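A.B. asks: Next up is a structure, given as structure tokens.
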Amino acid sequence: MSQNYENLSYDALHPMRNNATEPAVPTEPAVPTEPAVPTETAVHTEPAVPEDAIYDNLPALRTELPAEAAPGEAIYDNLETCLSNGQIGVSSQEILSRIPDNCCVLDASCGTACRTGDYMMPLILSGKVHKYTLMDASDAAKEEVSKMSDEVKTKIEFKKASLLEKLPFENDSFDVVLHHQVIQHNTAPHGPDRFINIRPYLAEFHRVLKPGGMLAVHTRTHAQLEADWCIKDMESSVYAHKLQYPDQHELDALLTEEAFKDISAFVDKTPREGYFDYDKCFTVEYRNANPSWALADPADLDFFLVGMEPVLADVTCRSMFEESVREDLQEFGQTTLTLAWK
């Protein structure tokens with residue numbers, strides 16, 4: 001990289017830094033480059049999202065942007081469109097190139113997977129899927145399926161179940177198990193074993209997969225978290241995210257423990273929808289909907305937003321910032337798809 005955000009963020013790019021009050025030093029210990037699983041409970045208070053009043057002296061920060069459709073609202077009805085859909089398109093192609101014809105797929109903890117935000121449509125429209133099983137603890141996906149065409153519905157079944165319980169499927173039931181951006185929600189970030197909830201359901205994934213079946217886990221590495229423009233300059237947010245997400249070597253170890261083999265990882269450099277919409281960080285609605293902001297200490301968040309205002313307002317600074325963001329994206333990627341086999 002010719003230059004990076006570490007060098008640009010608060011020195012070269014943030015003209016208010018010299019006059020700003022330095023934020024309090026976080027009470028949490030710094031996370032090492034190669035973080036180990038904590039041996040004792042970490043002390044960490046979950047920060048609250050700052051009240052609007054904290055920015056009363058910064059009118060520009062209170063500007064609301066025009067409302068836009070939520071990501072994934074449209075339902076795509078052809079394979080070509082699905083495979084051009086950013087991260088999911090890239091990951092779907094990796095998965096489709098490896099699955100057998102007439103396969104049975106389990107989308108574990110799917111959320112609203114029948115939207116374009118997940119894998120269901122590209123896999124079903126490929127013609128390679130015989131049955132696509134949506135599993136989640138809520139009924140959201142079931143409600144979304146009701147909007148699909150009859151042709152698609154014939155390939156879908158829904159099971160209401162939790163990952164924290166024994167899965168309601170027989171041994172050797174599926175050719176593929178998908179686990180998309182879920183694992184971080186099931187870690188125990190402040191406990192002595194961060195992955196105490198993960199190990200049992202990885203074992204269940206292994207049980208319900210057919211011999212030779214594939215598990216696909218979509219997540220983010222610690223390097224990708226550190227390079228994310230809306231996290232990297234908020235130490236408290238980086239710290240909290242690293243506790244939630246297993247790093248790649250940790251995920252590989254967890255999969256190996258549960259007898260998965262031939263583990264491989266594919267870095268996706270395609271940004272998530274709206275990733276370059278920097279000005280949205282000034283809106284309360286956007287921050288409340290994104291854990292990058294909700295996990296930040298209020299002092300960190302306040303200092304970040306105060307610094308971002310002049311950066312984005314100045315054409316030259318904004319261009320330099322944009323360049324650094326895109327360089328980081330190319331170097332580290334946005335997400336990682338890990339594949340493992342039974």
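Going through the structure tokens in order, the chains are called A, B, and so on, while each chain numbers its residues from 1 and the ligands are numbered from 1 in the order shown.
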Set the distance at 9 Å and use only C-alpha atoms: which residues neighbour A:Gln184 once local chain neighbours fewer than 6 positions away are removed? I'd like the list as a ChimeraX atom specification.
C.D. replies: /A:219,241,243-246
A.B. asks: Export, as an mmCIF file, in the first residue's frame, the selected residues with N, CA and C atoms.
C.D. replies:
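out-v5.cif, freshly written:
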data_model
loop_
_atom_site.group_PDB
_atom_site.id
_atom_site.type_symbol
_atom_site.label_atom_id
_atom_site.label_comp_id
_atom_site.auth_asym_id
_atom_site.auth_seq_id
_atom_site.Cartn_x
_atom_site.Cartn_y
_atom_site.Cartn_z
ATOM 1 N N THR A 219 -17.657 -15.567 7.363
ATOM 2 C CA THR A 219 -17.381 -14.741 8.535
ATOM 3 C C THR A 219 -16.338 -13.684 8.176
ATOM 4 N N HIS A 241 -15.314 -6.472 18.681
ATOM 5 C CA HIS A 241 -15.518 -7.330 17.514
ATOM 6 C C HIS A 241 -14.584 -8.540 17.540
ATOM 7 N N LEU A 243 -13.445 -10.081 20.088
ATOM 8 C CA LEU A 243 -13.945 -11.049 21.058
ATOM 9 C C LEU A 243 -15.108 -11.858 20.489
ATOM 10 N N GLN A 244 -15.900 -11.240 19.639
ATOM 11 C CA GLN A 244 -17.058 -11.919 19.071
ATOM 12 C C GLN A 244 -16.682 -12.860 17.926
ATOM 13 N N TYR A 245 -15.792 -12.418 17.056
ATOM 14 C CA TYR A 245 -15.443 -13.204 15.877
ATOM 15 C C TYR A 245 -14.244 -14.112 16.152
ATOM 16 N N PRO A 246 -14.335 -15.397 15.824
ATOM 17 C CA PRO A 246 -13.107 -16.204 15.843
ATOM 18 C C PRO A 246 -12.216 -15.782 14.690
#
A.B. asks: So that I can check the surroundings of stretch 166-182 of chain A, please list as JSON, numbers by chain every protein, DNA and RNA residue that reaches within 7 Å of it, counting only C-alpha atoms and ignoring chain neighbours fewer than 4 positions away.
C.D. replies: {"A": [103, 104, 105, 106, 107, 108, 109, 204, 205, 207, 208, 209, 210, 211, 213, 214, 215, 216, 217, 218, 219]}
A.B. asks: Check the smallest atom-to-atom distance from each of A:Met308, A:Leu254, A:Cys110, A:Ala227 to A:Ala140 using only C-alpha atoms, then report the winner.
C.D. replies: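 So, comparing all the options, the nearest one is A:Cys110.
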A.B. asks: Given the choices A:Pro100, A:Pro192, A:Pro310, A:Gly212, which gets closest to A:Asp279 if the distance is worked out from only C-alpha atoms?
C.D. replies: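 Of A:Pro100, A:Pro192, A:Pro310, A:Gly212, the one nearest A:Asp279, counting only C-alpha atoms, is A:Pro310.
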A.B. asks: Using DSSP on the backbone coordinates, identify the residues of stretch 90-225 of chain A assigned to strand (DSSP E or B); present them as a VMD selection string.
C.D. replies: chain A and resid 103 to 108 129 to 136 156 to 160 174 to 180 209 to 219
A.B. asks: Output the selection as a tab-separated table (two decimals), in the first residue's frame - N, CA, C and O atoms for each residue.
C.D. replies:
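This went into result.tsv:
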chain	number	residue	atom	x	y	z
A	103	CYS	N	-28.65	-31.93	-4.79
A	103	CYS	CA	-28.19	-31.97	-3.40
A	103	CYS	C	-29.23	-31.42	-2.43
A	103	CYS	O	-30.16	-30.70	-2.81
A	104	CYS	N	-29.04	-31.77	-1.16
A	104	CYS	CA	-29.87	-31.26	-0.08
A	104	CYS	C	-29.04	-30.29	0.76
A	104	CYS	O	-27.92	-30.62	1.18
A	105	VAL	N	-29.58	-29.10	0.97
A	105	VAL	CA	-28.85	-28.01	1.63
A	105	VAL	C	-29.55	-27.61	2.91
A	105	VAL	O	-30.78	-27.47	2.95
A	106	LEU	N	-28.77	-27.42	3.98
A	106	LEU	CA	-29.28	-26.85	5.23
A	106	LEU	C	-28.69	-25.46	5.41
A	106	LEU	O	-27.47	-25.30	5.42
A	107	ASP	N	-29.55	-24.46	5.52
A	107	ASP	CA	-29.13	-23.09	5.81
A	107	ASP	C	-29.36	-22.88	7.30
A	107	ASP	O	-30.48	-22.60	7.74
A	108	ALA	N	-28.31	-23.04	8.10
A	108	ALA	CA	-28.42	-23.09	9.55
A	108	ALA	C	-28.40	-21.70	10.16
A	108	ALA	O	-27.44	-20.96	10.01
A	129	VAL	N	-29.97	-27.93	-6.68
A	129	VAL	CA	-30.52	-28.20	-5.35
A	129	VAL	C	-31.85	-28.92	-5.45
A	129	VAL	O	-32.78	-28.46	-6.12
A	130	HIS	N	-31.93	-30.06	-4.78
A	130	HIS	CA	-33.19	-30.81	-4.70
A	130	HIS	C	-34.08	-30.27	-3.58
A	130	HIS	O	-35.28	-30.08	-3.76
A	131	LYS	N	-33.48	-30.04	-2.41
A	131	LYS	CA	-34.23	-29.52	-1.27
A	131	LYS	C	-33.37	-28.53	-0.49
A	131	LYS	O	-32.21	-28.80	-0.19
A	132	TYR	N	-33.94	-27.37	-0.20
A	132	TYR	CA	-33.25	-26.32	0.55
A	132	TYR	C	-34.00	-26.13	1.86
A	132	TYR	O	-35.15	-25.69	1.89
A	133	THR	N	-33.35	-26.48	2.96
A	133	THR	CA	-33.98	-26.40	4.28
A	133	THR	C	-33.52	-25.15	5.01
A	133	THR	O	-32.33	-24.96	5.26
A	134	LEU	N	-34.48	-24.30	5.33
A	134	LEU	CA	-34.21	-23.10	6.12
A	134	LEU	C	-34.44	-23.44	7.59
A	134	LEU	O	-35.50	-23.94	7.95
A	135	MET	N	-33.45	-23.16	8.43
A	135	MET	CA	-33.60	-23.41	9.86
A	135	MET	C	-33.28	-22.14	10.63
A	135	MET	O	-32.24	-21.52	10.43
A	136	ASP	N	-34.19	-21.75	11.51
A	136	ASP	CA	-33.96	-20.57	12.32
A	136	ASP	C	-34.84	-20.64	13.56
A	136	ASP	O	-35.85	-21.34	13.59
A	156	ILE	N	-38.32	-25.77	-1.02
A	156	ILE	CA	-38.00	-25.21	0.28
A	156	ILE	C	-38.80	-25.88	1.39
A	156	ILE	O	-39.98	-26.16	1.24
A	157	GLU	N	-38.11	-26.12	2.50
A	157	GLU	CA	-38.81	-26.48	3.72
A	157	GLU	C	-38.25	-25.63	4.86
A	157	GLU	O	-37.11	-25.16	4.78
A	158	PHE	N	-39.06	-25.43	5.89
A	158	PHE	CA	-38.65	-24.59	7.01
A	158	PHE	C	-38.73	-25.39	8.30
A	158	PHE	O	-39.72	-26.07	8.56
A	159	LYS	N	-37.66	-25.31	9.11
A	159	LYS	CA	-37.64	-25.94	10.42
A	159	LYS	C	-37.34	-24.86	11.46
A	159	LYS	O	-36.31	-24.17	11.37
A	160	LYS	N	-38.23	-24.70	12.43
A	160	LYS	CA	-37.97	-23.76	13.51
A	160	LYS	C	-37.17	-24.47	14.58
A	160	LYS	O	-37.65	-25.40	15.24
A	174	PHE	N	-27.68	-34.12	4.89
A	174	PHE	CA	-27.44	-33.01	3.96
A	174	PHE	C	-26.10	-33.15	3.24
A	174	PHE	O	-25.12	-33.63	3.80
A	175	ASP	N	-26.08	-32.66	2.01
A	175	ASP	CA	-24.83	-32.58	1.25
A	175	ASP	C	-24.06	-31.31	1.60
A	175	ASP	O	-22.83	-31.27	1.46
A	176	VAL	N	-24.80	-30.28	2.00
A	176	VAL	CA	-24.19	-28.97	2.27
A	176	VAL	C	-24.86	-28.35	3.50
A	176	VAL	O	-26.09	-28.40	3.63
A	177	VAL	N	-24.05	-27.77	4.38
A	177	VAL	CA	-24.55	-26.94	5.47
A	177	VAL	C	-23.95	-25.55	5.31
A	177	VAL	O	-22.72	-25.40	5.19
A	178	LEU	N	-24.82	-24.53	5.30
A	178	LEU	CA	-24.38	-23.14	5.18
A	178	LEU	C	-24.54	-22.43	6.52
A	178	LEU	O	-25.54	-22.62	7.21
A	179	HIS	N	-23.57	-21.61	6.85
A	179	HIS	CA	-23.60	-20.86	8.11
A	179	HIS	C	-23.08	-19.45	7.82
A	179	HIS	O	-21.88	-19.21	7.85
A	180	HIS	N	-24.00	-18.55	7.50
A	180	HIS	CA	-23.64	-17.25	6.94
A	180	HIS	C	-23.70	-16.12	7.97
A	180	HIS	O	-24.78	-15.75	8.44
A	209	LEU	N	-24.33	-33.86	8.25
A	209	LEU	CA	-23.76	-33.90	6.91
A	209	LEU	C	-23.56	-35.34	6.46
A	209	LEU	O	-23.19	-36.22	7.24
A	210	LYS	N	-23.78	-35.57	5.19
A	210	LYS	CA	-23.48	-36.87	4.60
A	210	LYS	C	-21.96	-37.04	4.51
A	210	LYS	O	-21.23	-36.04	4.46
A	211	PRO	N	-21.46	-38.26	4.48
A	211	PRO	CA	-20.02	-38.45	4.23
A	211	PRO	C	-19.60	-37.73	2.94
A	211	PRO	O	-20.26	-37.86	1.90
A	212	GLY	N	-18.56	-36.95	3.04
A	212	GLY	CA	-18.12	-36.16	1.89
A	212	GLY	C	-18.86	-34.85	1.75
A	212	GLY	O	-18.61	-34.09	0.80
A	213	GLY	N	-19.77	-34.54	2.70
A	213	GLY	CA	-20.53	-33.30	2.65
A	213	GLY	C	-19.68	-32.09	3.02
A	213	GLY	O	-18.61	-32.20	3.63
A	214	MET	N	-20.18	-30.90	2.64
A	214	MET	CA	-19.40	-29.67	2.80
A	214	MET	C	-20.09	-28.69	3.76
A	214	MET	O	-21.30	-28.47	3.68
A	215	LEU	N	-19.30	-28.10	4.65
A	215	LEU	CA	-19.74	-27.00	5.50
A	215	LEU	C	-19.14	-25.71	4.97
A	215	LEU	O	-17.94	-25.64	4.70
A	216	ALA	N	-19.96	-24.68	4.83
A	216	ALA	CA	-19.50	-23.36	4.37
A	216	ALA	C	-19.81	-22.33	5.45
A	216	ALA	O	-20.97	-22.10	5.77
A	217	VAL	N	-18.77	-21.75	6.02
A	217	VAL	CA	-18.91	-20.75	7.09
A	217	VAL	C	-18.44	-19.40	6.55
A	217	VAL	O	-17.28	-19.25	6.16
A	218	HIS	N	-19.32	-18.43	6.54
A	218	HIS	CA	-19.02	-17.10	6.04
A	218	HIS	C	-18.85	-16.17	7.24
A	218	HIS	O	-19.75	-16.01	8.05
A	219	THR	N	-17.66	-15.57	7.36
A	219	THR	CA	-17.38	-14.74	8.54
A	219	THR	C	-16.34	-13.68	8.18
A	219	THR	O	-16.11	-13.41	7.00
A.B. asks: Which one of A:Ile183, A:Val267, A:Ala253, A:Cys230 sits closest to A:Tyr286 if you count only C-alpha atoms?
C.D. replies: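 For A:Tyr286, the nearest of the given residues is A:Cys230.
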A.B. asks: From the list A:Ala296, A:Leu339, A:Met234, A:Val311, which residue is nearest A:Ser264 when using only C-alpha atoms?
C.D. replies: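 Of the candidates, the smallest distance to A:Ser264 is held by A:Leu339.
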A.B. asks: So, counting only C-alpha atoms, which residue among A:Ala240, A:Cys317, A:Glu165, A:Tyr275 is closest to A:Ala188?
C.D. replies: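 When distances to A:Ala188 are compared using only C-alpha atoms, the smallest one comes from A:Ala240.
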